[in-house]
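Below is the file model_5.cif, which contains mmCIF, C-alpha atoms.
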data_query
#
loop_
_atom_site.label_atom_id
_atom_site.label_comp_id
_atom_site.auth_asym_id
_atom_site.auth_seq_id
_atom_site.Cartn_x
_atom_site.Cartn_y
_atom_site.Cartn_z
CA MET N 134 -75.09 -105.26 37.49
CA SER N 135 -75.61 -106.72 40.98
CA THR N 136 -78.16 -104.87 43.11
CA SER N 137 -75.72 -104.93 46.02
CA GLU N 138 -73.10 -102.97 44.06
CA PRO N 139 -73.58 -99.17 44.08
CA SER N 140 -73.82 -97.51 40.68
CA ARG N 141 -71.05 -95.29 39.35
CA ALA N 142 -73.33 -92.29 39.83
CA SER N 143 -74.04 -93.17 43.49
CA ARG N 144 -70.33 -93.73 44.13
CA ARG N 145 -69.62 -90.31 42.62
CA VAL N 146 -72.31 -88.69 44.83
CA SER N 147 -70.99 -90.49 47.92
CA HIS N 148 -67.49 -89.20 47.15
CA LEU N 149 -68.81 -85.65 46.82
CA LYS N 150 -70.62 -85.93 50.15
CA VAL N 151 -67.39 -86.93 51.86
CA ALA N 152 -65.64 -83.95 50.29
CA GLU N 153 -68.45 -81.56 51.28
CA SER N 154 -68.38 -82.84 54.84
CA GLY N 155 -64.93 -81.41 55.31
CA ALA N 156 -63.17 -84.76 55.52
CA PRO N 157 -59.80 -84.82 53.65
CA VAL N 158 -59.96 -86.25 50.17
CA PRO N 159 -57.03 -88.60 49.49
CA ARG N 160 -54.71 -87.36 46.76
CA PRO N 161 -52.08 -89.35 44.92
CA GLU N 162 -48.60 -88.70 46.19
CA LEU N 163 -46.32 -86.79 43.86
CA PRO N 164 -43.12 -88.64 42.97
CA ARG N 165 -40.04 -87.66 44.93
CA ILE N 166 -37.51 -85.89 42.72
CA ARG N 167 -34.23 -87.71 43.17
CA ARG N 168 -30.72 -86.49 42.53
CA VAL N 169 -29.17 -87.80 39.32
CA ALA N 170 -25.58 -88.96 39.62
CA ILE N 171 -23.04 -88.91 36.83
CA VAL N 172 -21.05 -92.05 37.48
CA GLY N 173 -18.64 -91.95 34.53
CA GLY N 174 -18.25 -91.75 30.80
CA THR N 175 -16.30 -93.18 27.90
CA ARG N 176 -15.71 -92.14 24.33
CA THR N 177 -13.69 -93.11 21.33
CA PRO N 178 -10.86 -90.81 20.33
CA PHE N 179 -12.31 -88.35 17.83
CA ALA N 180 -10.97 -88.58 14.26
CA ARG N 181 -11.00 -86.19 11.34
CA SER N 182 -13.47 -87.21 8.65
CA ASP N 183 -12.19 -89.51 5.90
CA GLY N 184 -9.41 -90.62 8.23
CA PRO N 185 -9.03 -93.64 10.56
CA TYR N 186 -12.79 -94.08 10.95
CA ALA N 187 -13.67 -93.58 7.29
CA THR N 188 -15.38 -96.97 7.11
CA ALA N 189 -16.78 -97.04 10.66
CA SER N 190 -20.55 -96.70 11.04
CA ASN N 191 -22.38 -94.78 13.75
CA GLN N 192 -23.40 -98.08 15.28
CA GLU N 193 -19.85 -99.44 15.33
CA MET N 194 -18.48 -96.32 17.03
CA LEU N 195 -21.35 -96.06 19.52
CA THR N 196 -20.96 -99.74 20.37
CA ALA N 197 -17.25 -99.23 21.06
CA ALA N 198 -18.04 -96.40 23.46
CA VAL N 199 -20.80 -98.39 25.20
CA ASN N 200 -18.58 -101.45 25.56
CA GLY N 201 -15.87 -99.28 27.08
CA LEU N 202 -18.37 -98.17 29.70
CA ALA N 203 -19.63 -101.72 30.20
CA ASN N 204 -16.12 -103.02 30.78
CA ARG N 205 -15.26 -100.29 33.27
CA TYR N 206 -18.42 -100.53 35.37
CA ALA N 207 -19.40 -104.20 34.90
CA LEU N 208 -22.56 -103.33 33.00
CA ASP N 209 -22.83 -106.70 31.27
CA VAL N 210 -25.00 -107.99 34.14
CA PRO N 211 -28.64 -108.65 33.14
CA GLY N 212 -30.93 -105.77 34.11
CA VAL N 213 -28.21 -103.54 35.51
CA VAL N 214 -28.79 -100.75 32.95
CA GLY N 215 -32.34 -99.44 32.78
CA GLU N 216 -32.15 -97.76 29.38
CA LEU N 217 -29.92 -96.48 26.57
CA VAL N 218 -30.69 -93.09 25.01
CA ALA N 219 -28.55 -91.99 22.09
CA GLY N 220 -28.66 -90.49 18.64
CA ALA N 221 -26.84 -89.27 15.56
CA VAL N 222 -27.29 -86.25 13.33
CA LEU N 223 -26.02 -87.77 10.09
CA LYS N 224 -28.02 -91.00 9.88
CA HIS N 225 -28.51 -93.60 7.20
CA SER N 226 -31.94 -95.17 6.89
CA ARG N 227 -30.37 -98.27 8.42
CA ASP N 228 -29.74 -96.23 11.59
CA PHE N 229 -33.45 -95.66 12.23
CA ASN N 230 -33.13 -97.72 15.44
CA LEU N 231 -29.52 -96.87 16.24
CA ALA N 232 -29.69 -97.03 20.03
CA ARG N 233 -31.50 -100.35 20.16
CA GLU N 234 -29.26 -101.95 17.54
CA THR N 235 -26.27 -100.75 19.55
CA VAL N 236 -27.62 -102.56 22.61
CA LEU N 237 -28.05 -105.77 20.62
CA GLY N 238 -24.49 -105.56 19.31
CA SER N 239 -22.88 -104.59 22.62
CA LYS N 240 -22.09 -106.23 25.96
CA LEU N 241 -25.28 -104.85 27.51
CA ASP N 242 -28.16 -107.16 28.33
CA ALA N 243 -30.22 -107.60 25.16
CA ARG N 244 -33.32 -106.85 27.22
CA THR N 245 -32.16 -103.24 27.79
CA PRO N 246 -34.69 -100.80 26.26
CA ALA N 247 -33.30 -98.09 24.00
CA TYR N 248 -34.46 -95.20 21.85
CA ASP N 249 -33.03 -92.54 19.55
CA ILE N 250 -33.04 -88.78 20.07
CA GLN N 251 -31.78 -85.90 17.92
CA GLN N 252 -31.31 -82.18 18.47
CA ALA N 253 -28.41 -81.40 16.14
CA CYS N 254 -25.22 -80.56 18.07
CA GLY N 255 -27.17 -80.67 21.34
CA THR N 256 -28.11 -84.33 20.85
CA GLY N 257 -25.65 -85.79 23.36
CA LEU N 258 -26.62 -83.41 26.16
CA GLN N 259 -30.32 -83.72 25.35
CA ALA N 260 -29.95 -87.51 25.60
CA VAL N 261 -28.40 -87.06 29.05
CA ILE N 262 -31.30 -84.84 30.09
CA ALA N 263 -33.91 -87.31 28.81
CA ALA N 264 -32.31 -90.18 30.75
CA ALA N 265 -31.85 -88.02 33.85
CA ASN N 266 -35.53 -87.09 33.94
CA LYS N 267 -36.57 -90.75 34.21
CA ILE N 268 -34.05 -91.38 36.97
CA ALA N 269 -35.15 -88.27 38.84
CA LEU N 270 -38.78 -89.42 38.73
CA GLY N 271 -37.95 -92.96 39.83
CA GLN N 272 -38.91 -94.52 36.52
CA THR N 273 -35.50 -96.16 36.17
CA GLU N 274 -32.40 -96.53 38.34
CA SER N 275 -29.69 -96.19 35.71
CA ALA N 276 -29.21 -95.23 32.09
CA ILE N 277 -26.56 -94.68 29.44
CA ALA N 278 -26.84 -91.58 27.27
CA GLY N 279 -24.83 -90.12 24.42
CA GLY N 280 -24.41 -90.18 20.69
CA ALA N 281 -22.24 -90.83 17.66
CA ASP N 282 -21.65 -89.21 14.30
CA THR N 283 -19.62 -89.96 11.23
CA ALA N 284 -19.00 -87.23 8.68
CA SER N 285 -17.01 -89.78 6.65
CA ASP N 286 -19.96 -92.09 6.06
CA ALA N 287 -22.63 -89.42 5.57
CA PRO N 288 -25.75 -90.71 3.79
CA LEU N 289 -26.04 -89.92 0.09
CA GLY N 290 -29.60 -89.27 -1.03
CA VAL N 291 -31.05 -90.34 -4.34
CA ASN N 292 -31.44 -87.42 -6.73
CA ASP N 293 -34.98 -86.17 -6.12
CA ARG N 294 -35.96 -86.33 -9.79
CA LEU N 295 -34.71 -89.93 -9.99
CA ARG N 296 -36.64 -90.77 -6.83
CA ARG N 297 -39.86 -89.46 -8.33
CA ILE N 298 -39.31 -91.45 -11.53
CA LEU N 299 -38.65 -94.65 -9.60
CA LEU N 300 -41.80 -94.14 -7.55
CA GLU N 301 -43.75 -93.54 -10.74
CA ALA N 302 -42.38 -96.79 -12.15
CA ARG N 303 -43.33 -98.65 -8.99
CA ARG N 304 -46.89 -97.38 -9.22
CA ALA N 305 -47.20 -98.29 -12.91
CA LYS N 306 -50.00 -100.74 -13.70
CA SER N 307 -48.35 -102.37 -16.71
CA THR N 308 -44.92 -103.24 -18.04
CA GLY N 309 -45.33 -100.66 -20.77
CA ASP N 310 -46.09 -97.87 -18.29
CA ARG N 311 -43.14 -98.97 -16.19
CA VAL N 312 -40.77 -98.82 -19.17
CA LYS N 313 -42.20 -95.44 -20.15
CA ALA N 314 -41.50 -94.07 -16.65
CA LEU N 315 -37.94 -95.44 -16.54
CA ALA N 316 -37.24 -94.00 -19.98
CA GLN N 317 -37.35 -90.54 -18.37
CA ILE N 318 -34.07 -91.17 -16.51
CA ARG N 319 -31.22 -88.92 -17.66
CA PRO N 320 -27.52 -89.00 -16.71
CA SER N 321 -27.99 -85.90 -14.54
CA HIS N 322 -30.51 -87.83 -12.44
CA LEU N 323 -27.74 -90.21 -11.32
CA ILE N 324 -25.92 -87.46 -9.41
CA PRO N 325 -26.66 -88.09 -5.70
CA ASP N 326 -27.82 -85.48 -3.24
CA ILE N 327 -24.83 -84.95 -0.95
CA PRO N 328 -25.56 -83.63 2.58
CA ARG N 329 -24.54 -80.02 3.06
CA ASN N 330 -23.68 -78.31 6.30
CA ALA N 331 -26.26 -75.64 5.52
CA GLU N 332 -29.47 -74.37 7.07
CA PRO N 333 -32.52 -75.21 4.91
CA ARG N 334 -34.13 -71.85 5.71
CA THR N 335 -31.18 -69.73 4.64
CA GLY N 336 -28.89 -71.87 2.50
CA LEU N 337 -25.94 -70.64 4.55
CA SER N 338 -23.47 -73.04 6.14
CA MET N 339 -22.94 -73.01 9.88
CA GLY N 340 -19.58 -71.32 9.31
CA GLU N 341 -21.11 -68.59 7.16
CA HIS N 342 -23.72 -67.94 9.85
CA ALA N 343 -20.99 -67.78 12.48
CA ALA N 344 -19.13 -65.25 10.33
CA VAL N 345 -22.21 -63.00 10.29
CA THR N 346 -22.40 -63.28 14.08
CA ALA N 347 -18.68 -62.53 14.45
CA ARG N 348 -19.10 -59.30 12.48
CA ALA N 349 -22.23 -58.34 14.45
CA TRP N 350 -20.39 -58.73 17.76
CA GLY N 351 -17.06 -57.32 16.58
CA VAL N 352 -15.12 -60.49 17.41
CA GLU N 353 -11.47 -60.03 16.45
CA ARG N 354 -9.24 -62.54 14.67
CA GLU N 355 -6.48 -62.55 17.29
CA ALA N 356 -8.93 -63.36 20.09
CA GLN N 357 -10.26 -66.30 18.08
CA ASP N 358 -6.78 -67.67 17.40
CA GLU N 359 -5.84 -67.30 21.05
CA LEU N 360 -8.90 -69.29 22.12
CA ALA N 361 -8.13 -72.01 19.58
CA ALA N 362 -4.46 -72.30 20.54
CA THR N 363 -5.39 -72.49 24.22
CA SER N 364 -7.86 -75.29 23.52
CA HIS N 365 -5.16 -77.42 21.86
CA GLN N 366 -2.60 -76.68 24.57
CA ARG N 367 -4.98 -77.56 27.37
CA LEU N 368 -6.19 -80.77 25.72
CA ALA N 369 -2.56 -81.83 25.20
CA ALA N 370 -1.76 -81.11 28.85
CA ALA N 371 -4.79 -83.12 29.99
CA TYR N 372 -3.65 -86.12 27.95
CA GLU N 373 -0.11 -85.81 29.30
CA ARG N 374 -1.25 -85.90 32.92
CA GLY N 375 -3.39 -88.97 32.23
CA PHE N 376 -6.73 -87.24 32.69
CA PHE N 377 -8.35 -89.12 29.80
CA GLY N 378 -7.03 -92.53 30.82
CA ASP N 379 -10.46 -93.76 31.93
CA LEU N 380 -12.53 -91.60 29.59
CA VAL N 381 -11.10 -92.45 26.17
CA VAL N 382 -11.08 -96.02 24.85
CA PRO N 383 -8.75 -96.75 21.89
CA PHE N 384 -10.55 -97.46 18.65
CA ARG N 385 -9.15 -98.47 15.27
CA ASP N 386 -5.54 -97.87 16.32
CA LEU N 387 -6.29 -94.36 17.55
CA ALA N 388 -5.64 -93.56 21.20
CA ARG N 389 -5.88 -89.76 21.15
CA ASP N 390 -7.99 -87.22 19.33
CA GLN N 391 -6.56 -86.95 15.85
CA ASN N 392 -7.26 -83.24 15.52
CA LEU N 393 -5.07 -82.38 18.53
CA ARG N 394 -2.14 -80.07 17.69
CA PRO N 395 -0.08 -79.73 20.90
CA ASP N 396 2.24 -77.17 19.28
CA SER N 397 -0.56 -74.79 18.29
CA THR N 398 0.25 -71.12 18.85
CA VAL N 399 -1.41 -67.85 17.99
CA GLY N 400 1.44 -67.17 15.58
CA LYS N 401 0.92 -70.40 13.64
CA LEU N 402 -2.84 -69.93 13.50
CA ALA N 403 -2.41 -66.35 12.30
CA ALA N 404 -0.83 -67.65 9.09
CA LEU N 405 -4.03 -69.43 8.01
CA LYS N 406 -6.32 -67.85 5.45
CA PRO N 407 -9.98 -67.13 6.27
CA VAL N 408 -12.47 -69.70 4.96
CA PHE N 409 -15.77 -68.25 6.20
CA GLY N 410 -17.18 -64.78 5.65
CA THR N 411 -14.84 -64.13 2.77
CA ASP N 412 -17.53 -62.22 0.90
CA GLY N 413 -17.54 -59.56 3.62
CA PRO N 414 -15.01 -57.07 4.97
CA ALA N 415 -12.03 -58.33 7.01
CA PRO N 416 -12.98 -62.03 7.39
CA THR N 417 -11.59 -63.63 10.57
CA MET N 418 -12.67 -67.27 10.61
CA THR N 419 -10.16 -69.92 9.50
CA ALA N 420 -9.90 -73.70 9.54
CA GLY N 421 -7.77 -73.28 12.65
CA ASN N 422 -10.32 -71.42 14.75
CA SER N 423 -13.24 -73.55 13.52
CA THR N 424 -13.98 -77.20 14.29
CA PRO N 425 -13.29 -79.74 11.53
CA LEU N 426 -15.71 -82.41 10.33
CA THR N 427 -15.21 -85.26 12.78
CA ASP N 428 -16.11 -88.90 13.49
CA GLY N 429 -16.59 -90.39 16.96
CA ALA N 430 -18.88 -91.48 19.78
CA ALA N 431 -19.34 -90.72 23.47
CA VAL N 432 -21.59 -91.98 26.28
CA VAL N 433 -22.27 -91.22 29.95
CA LEU N 434 -23.47 -93.49 32.77
CA LEU N 435 -26.20 -91.90 34.90
CA ALA N 436 -27.83 -93.37 37.98
CA SER N 437 -29.72 -92.78 41.18
CA GLU N 438 -27.64 -92.39 44.31
CA GLU N 439 -29.04 -95.69 45.62
CA TRP N 440 -27.96 -97.54 42.46
CA ALA N 441 -24.43 -96.13 42.67
CA GLU N 442 -24.10 -96.80 46.41
CA ALA N 443 -25.25 -100.40 46.02
CA ARG N 444 -22.38 -100.98 43.59
CA GLY N 445 -19.75 -99.10 45.57
CA LEU N 446 -19.48 -96.36 42.95
CA GLU N 447 -18.87 -92.77 43.98
CA PRO N 448 -20.61 -90.28 41.68
CA LEU N 449 -18.35 -87.82 39.95
CA ALA N 450 -21.01 -85.10 40.05
CA TYR N 451 -24.75 -84.53 39.89
CA LEU N 452 -26.86 -83.07 37.11
CA THR N 453 -28.92 -80.42 38.88
CA ALA N 454 -30.42 -78.11 36.24
CA TYR N 455 -30.85 -77.74 32.51
CA GLU N 456 -32.41 -75.32 30.05
CA THR N 457 -32.96 -75.11 26.31
CA ALA N 458 -33.63 -72.12 24.07
CA ALA N 459 -34.02 -71.18 20.43
CA VAL N 460 -33.58 -67.98 18.41
CA ASP N 461 -35.13 -66.64 15.22
CA PHE N 462 -31.89 -66.70 13.30
CA VAL N 463 -33.63 -66.40 9.94
CA ARG N 464 -34.76 -62.85 10.60
CA GLY N 465 -32.05 -62.11 13.13
CA ASP N 466 -28.78 -63.46 11.81
CA VAL N 467 -29.28 -63.00 8.10
CA ALA N 468 -30.25 -59.39 8.67
CA GLY N 469 -26.97 -58.83 10.52
CA GLY N 470 -28.53 -58.77 13.98
CA GLU N 471 -27.29 -60.33 17.19
CA ASP N 472 -29.57 -63.41 17.21
CA GLY N 473 -27.13 -65.59 15.32
CA LEU N 474 -27.66 -69.24 14.42
CA LEU N 475 -25.49 -70.40 17.31
CA MET N 476 -26.50 -67.82 19.92
CA ALA N 477 -29.38 -69.59 21.69
CA PRO N 478 -27.21 -70.35 24.79
CA ALA N 479 -26.98 -66.59 25.25
CA TYR N 480 -30.64 -66.80 26.32
CA ALA N 481 -30.78 -70.29 27.84
CA VAL N 482 -28.04 -69.67 30.41
CA PRO N 483 -29.43 -66.42 31.88
CA ARG N 484 -32.87 -68.09 32.20
CA MET N 485 -31.34 -71.11 33.91
CA LEU N 486 -29.33 -68.95 36.30
CA GLU N 487 -32.37 -66.85 37.19
CA ARG N 488 -34.40 -69.99 37.88
CA THR N 489 -31.70 -71.48 40.12
CA GLY N 490 -30.74 -68.23 41.83
CA LEU N 491 -27.14 -68.50 40.67
CA GLY N 492 -24.71 -66.14 39.00
CA ILE N 493 -21.59 -66.63 36.89
CA GLU N 494 -19.51 -66.02 40.00
CA ASP N 495 -21.02 -69.17 41.58
CA PHE N 496 -19.32 -71.50 39.09
CA ASP N 497 -15.88 -73.03 39.39
CA LEU N 498 -15.70 -74.33 35.82
CA PHE N 499 -17.29 -73.55 32.46
CA GLU N 500 -17.60 -75.84 29.46
CA ILE N 501 -18.68 -73.98 26.32
CA HIS N 502 -18.80 -76.07 23.15
CA GLU N 503 -16.32 -74.59 20.69
CA ALA N 504 -18.12 -74.96 17.37
CA PHE N 505 -16.18 -71.86 16.36
CA ALA N 506 -13.95 -69.64 18.45
CA SER N 507 -15.97 -66.65 17.29
CA GLN N 508 -19.19 -68.22 18.56
CA VAL N 509 -17.72 -68.79 22.03
CA LEU N 510 -16.52 -65.19 22.23
CA ALA N 511 -19.85 -63.83 20.99
CA THR N 512 -21.69 -65.90 23.60
CA LEU N 513 -19.48 -64.57 26.40
CA ALA N 514 -20.09 -61.02 25.19
CA ALA N 515 -23.85 -61.63 25.03
CA TRP N 516 -23.94 -62.89 28.62
CA GLU N 517 -22.15 -59.76 29.80
CA LYS N 518 -24.52 -57.57 27.79
CA GLN N 519 -27.40 -59.20 29.67
CA GLY N 520 -25.81 -58.29 32.98
CA LEU N 521 -23.95 -61.49 33.86
CA ALA N 522 -20.46 -61.27 35.28
CA PRO N 523 -17.50 -61.96 32.96
CA VAL N 524 -16.35 -65.59 32.75
CA ASP N 525 -12.87 -66.15 34.17
CA ARG N 526 -10.92 -67.55 31.20
CA ASP N 527 -8.80 -69.65 33.57
CA ARG N 528 -11.99 -71.58 34.38
CA LEU N 529 -13.14 -71.98 30.77
CA ASN N 530 -12.62 -75.31 28.95
CA VAL N 531 -9.68 -76.14 31.19
CA ALA N 532 -9.08 -79.55 29.54
CA GLY N 533 -9.56 -78.26 26.00
CA SER N 534 -12.74 -78.51 23.97
CA SER N 535 -14.13 -78.96 20.47
CA LEU N 536 -11.59 -76.84 18.61
CA ALA N 537 -8.97 -79.35 19.75
CA THR N 538 -10.94 -82.59 20.11
CA GLY N 539 -13.08 -82.16 17.03
CA HIS N 540 -16.87 -82.27 16.98
CA PRO N 541 -18.82 -85.42 16.03
CA PHE N 542 -22.17 -83.65 16.28
CA ALA N 543 -24.20 -86.01 18.47
CA ALA N 544 -21.22 -87.10 20.59
CA THR N 545 -20.08 -83.70 21.84
CA GLY N 546 -22.63 -83.31 24.63
CA ALA N 547 -21.71 -86.61 26.29
CA ARG N 548 -18.01 -85.81 25.91
CA ILE N 549 -18.48 -82.51 27.70
CA VAL N 550 -20.64 -83.97 30.50
CA ALA N 551 -18.11 -86.72 31.28
CA THR N 552 -15.17 -84.33 31.09
CA LEU N 553 -16.74 -81.71 33.36
CA ALA N 554 -17.95 -84.30 35.87
CA LYS N 555 -14.44 -85.68 36.25
CA LEU N 556 -12.92 -82.20 36.49
CA LEU N 557 -15.34 -81.39 39.31
CA ALA N 558 -14.52 -84.66 41.06
CA GLU N 559 -10.83 -83.75 41.04
CA ARG N 560 -11.44 -80.59 43.05
CA GLU N 561 -11.39 -80.53 46.83
CA GLY N 562 -14.77 -79.85 48.34
CA PRO N 563 -18.01 -78.77 46.67
CA ALA N 564 -17.81 -77.45 43.12
CA ARG N 565 -20.14 -76.38 40.35
CA GLY N 566 -19.82 -76.33 36.56
CA LEU N 567 -21.85 -74.86 33.71
CA ILE N 568 -22.32 -76.42 30.26
CA SER N 569 -23.32 -74.44 27.17
CA ILE N 570 -23.87 -76.08 23.78
CA CYS N 571 -25.07 -74.33 20.63
CA ALA N 572 -26.86 -76.30 17.92
CA ALA N 573 -28.00 -76.02 14.34
CA GLY N 574 -31.49 -74.68 13.77
CA GLY N 575 -30.83 -71.79 16.14
CA GLN N 576 -31.04 -73.91 19.30
CA GLY N 577 -29.07 -74.24 22.52
CA VAL N 578 -28.87 -76.81 25.31
CA THR N 579 -27.33 -75.90 28.68
CA ALA N 580 -26.91 -77.60 32.05
CA ILE N 581 -25.42 -77.37 35.51
CA LEU N 582 -23.32 -80.07 37.18
CA GLU N 583 -22.50 -80.01 40.89
CA ARG N 584 -20.14 -81.85 43.20
CA THR N 585 -21.29 -81.83 46.81
#
What's the structure tokens form of this structure?
Amino acid sequence: MSTSEPSRASRRVSHLKVAESGAPVPRPELPRIRRVAIVGGTRTPFARSDGPYATASNQEMLTAAVNGLANRYALDVPGVVGELVAGAVLKHSRDFNLARETVLGSKLDARTPAYDIQQACGTGLQAVIAAANKIALGQTESAIAGGADTASDAPLGVNDRLRRILLEARRAKSTGDRVKALAQIRPSHLIPDIPRNAEPRTGLSMGEHAAVTARAWGVEREAQDELAATSHQRLAAAYERGFFGDLVVPFRDLARDQNLRPDSTVGKLAALKPVFGTDGPAPTMTAGNSTPLTDGAAVVLLASEEWAEARGLEPLAYLTAYETAAVDFVRGDVAGGEDGLLMAPAYAVPRMLERTGLGIEDFDLFEIHEAFASQVLATLAAWEKQGLAPVDRDRLNVAGSSLATGHPFAATGARIVATLAKLLAEREGPARGLISICAAGGQGVTAILERT
């Protein structure tokens, strides 16, 4: 070391002397938190599983949604999009890098970074939040976020016993040992492991859990059917007035959500037989007031205000707050308590409102993911039990929601964000909307959008 250069120790002492002398010690500036604009969104029409998209992969559907966004907002320019964040719940091993592979197969610049994210049914909204955080901190100027899911092309796992035998054969040191290992294979080992819509901790399907919650909260059948019929009627009306003209891109000869039943009525839904909770008294949940297995993809374009202004784009709304929560549904729901599998938003929303100083009465619109009509009604009741004001039903899911559109797990969050942002943009003057999404594993993801 040069004798003219002070040692690290002397530099440290010198720094302390400056501090002790009362002179201000320079501190790094904290990053300015920027507003995050929701510029727009696109999605494929949602299709019932084993229907029009039966042979479409997650990547193909997500690429279609991304290209729809790229075409609308000229995102094929090199460097214009800072990042793609997306995910899927039902993923093949080939989908391990779904977001990045989607970039490479889309109209986006191949140099656009991308990564996958997954939080069950909250995946799409959680992807939006992850992208928004980077924009808010100035780490990127724009991002695309969303997700895709195909129930039609769900991965089939190798029978676990067969898997163990094959691994044993691979580790064998000789041909004889390899033959000996393979000789253990039996016809029953060839039966694949088919994914089940069930919680690993309880063995109950999401619908069976929702049925327990419906009984715990006393949710009636007629109220569920009314909510479901209203969802279909409102989605149909939104399509008829052209609301989805710039949000839905045709895919595989489908231009509207296949699950939509414009003629749905409480009377028609009342004729359906219960399919969940049938082992208990007076079951209320049917295929009509529950979402079907669905295929589809949805994405949202997020940006800083500066990025949007430079391109002459007016933001639809701004993402201003978000909150997640989880419940102990294993001890709560299975025991017949109120902490059901899909009830985490009942805790996330009150926390978010307390943190932001807002109440239910401060919102113009509400978007509650309709996994099941009973779950929506139980959530509303839980909010009221915690002291929140009742939600005006005329402000709830005004363009329809999951009971009518269907629910490709990872795509729903982005669908809801884009829909609510456009609904807010249609209103005159400032407006505010609340998003509530329940998710498997006893989780919930919620957010607030504002139009100023």
Please produce, as a tab-separated table, a per-residue contact table for region 217-306 of chain N versus region 441-451 of chain N (criterion: any atom at most 12 Å away, only C-alpha atoms considered), showing the nearest atom pair and its distance in Å to one decimal, sorted by chain then residue number.
residue	atom	partner	partner_atom	distance
N:Val261	CA	N:Tyr451	CA	11.7
N:Ile262	CA	N:Tyr451	CA	11.8
N:Ala265	CA	N:Tyr451	CA	10.0
N:Ile268	CA	N:Tyr451	CA	11.9
N:Ala269	CA	N:Tyr451	CA	11.1
N:Glu274	CA	N:Ala441	CA	9.1
N:Ser275	CA	N:Ala441	CA	8.7
N:Ala276	CA	N:Ala441	CA	11.6
Next item on the list: Enumerate, as a PyMOL selection string, the residues matched when the PyMOL selection byres ((chain N and resi 424-438) around 7) is run on the file above.
Entry: chain N and resi 168-182+186+194-195+198-199+265+268+274-285+422-423+439-442+504-505+535-536+539-541+544+547-548+551
Writing out the chosen residues with C-alpha atoms as an mmCIF file, in the coordinates of the input:
data_model
loop_
_atom_site.group_PDB
_atom_site.id
_atom_site.type_symbol
_atom_site.label_atom_id
_atom_site.label_comp_id
_atom_site.auth_asym_id
_atom_site.auth_seq_id
_atom_site.Cartn_x
_atom_site.Cartn_y
_atom_site.Cartn_z
ATOM 1 C CA ARG N 168 -30.720 -86.490 42.530
ATOM 2 C CA VAL N 169 -29.170 -87.800 39.320
ATOM 3 C CA ALA N 170 -25.580 -88.960 39.620
ATOM 4 C CA ILE N 171 -23.040 -88.910 36.830
ATOM 5 C CA VAL N 172 -21.050 -92.050 37.480
ATOM 6 C CA GLY N 173 -18.640 -91.950 34.530
ATOM 7 C CA GLY N 174 -18.250 -91.750 30.800
ATOM 8 C CA THR N 175 -16.300 -93.180 27.900
ATOM 9 C CA ARG N 176 -15.710 -92.140 24.330
ATOM 10 C CA THR N 177 -13.690 -93.110 21.330
ATOM 11 C CA PRO N 178 -10.860 -90.810 20.330
ATOM 12 C CA PHE N 179 -12.310 -88.350 17.830
ATOM 13 C CA ALA N 180 -10.970 -88.580 14.260
ATOM 14 C CA ARG N 181 -11.000 -86.190 11.340
ATOM 15 C CA SER N 182 -13.470 -87.210 8.650
ATOM 16 C CA TYR N 186 -12.790 -94.080 10.950
ATOM 17 C CA MET N 194 -18.480 -96.320 17.030
ATOM 18 C CA LEU N 195 -21.350 -96.060 19.520
ATOM 19 C CA ALA N 198 -18.040 -96.400 23.460
ATOM 20 C CA VAL N 199 -20.800 -98.390 25.200
ATOM 21 C CA ALA N 265 -31.850 -88.020 33.850
ATOM 22 C CA ILE N 268 -34.050 -91.380 36.970
ATOM 23 C CA GLU N 274 -32.400 -96.530 38.340
ATOM 24 C CA SER N 275 -29.690 -96.190 35.710
ATOM 25 C CA ALA N 276 -29.210 -95.230 32.090
ATOM 26 C CA ILE N 277 -26.560 -94.680 29.440
ATOM 27 C CA ALA N 278 -26.840 -91.580 27.270
ATOM 28 C CA GLY N 279 -24.830 -90.120 24.420
ATOM 29 C CA GLY N 280 -24.410 -90.180 20.690
ATOM 30 C CA ALA N 281 -22.240 -90.830 17.660
ATOM 31 C CA ASP N 282 -21.650 -89.210 14.300
ATOM 32 C CA THR N 283 -19.620 -89.960 11.230
ATOM 33 C CA ALA N 284 -19.000 -87.230 8.680
ATOM 34 C CA SER N 285 -17.010 -89.780 6.650
ATOM 35 C CA ASN N 422 -10.320 -71.420 14.750
ATOM 36 C CA SER N 423 -13.240 -73.550 13.520
ATOM 37 C CA GLU N 439 -29.040 -95.690 45.620
ATOM 38 C CA TRP N 440 -27.960 -97.540 42.460
ATOM 39 C CA ALA N 441 -24.430 -96.130 42.670
ATOM 40 C CA GLU N 442 -24.100 -96.800 46.410
ATOM 41 C CA ALA N 504 -18.120 -74.960 17.370
ATOM 42 C CA PHE N 505 -16.180 -71.860 16.360
ATOM 43 C CA SER N 535 -14.130 -78.960 20.470
ATOM 44 C CA LEU N 536 -11.590 -76.840 18.610
ATOM 45 C CA GLY N 539 -13.080 -82.160 17.030
ATOM 46 C CA HIS N 540 -16.870 -82.270 16.980
ATOM 47 C CA PRO N 541 -18.820 -85.420 16.030
ATOM 48 C CA ALA N 544 -21.220 -87.100 20.590
ATOM 49 C CA ALA N 547 -21.710 -86.610 26.290
ATOM 50 C CA ARG N 548 -18.010 -85.810 25.910
ATOM 51 C CA ALA N 551 -18.110 -86.720 31.280
#
Item checked: Option closest in space to Pro185 (chain N), from N:Asn330, N:Thr545, N:Asn392, N:Thr457 [counting all atoms listed in the file] -> N:Asn392
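With distances restricted to only C-alpha atoms, N:Ala253 is the closest residue to Gly220 (chain N) from N:Leu270, N:Ala356, N:Ala253, N:Ala532.
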Margin query: Excluding Ala564 (chain N) and its own-chain neighbours fewer than 6 positions away, which residues fall within 8 Å of it when counting only C-alpha atoms? Please give them as an MDAnalysis selection string.
Written below: chainID N and resid 496:497 557 583:585
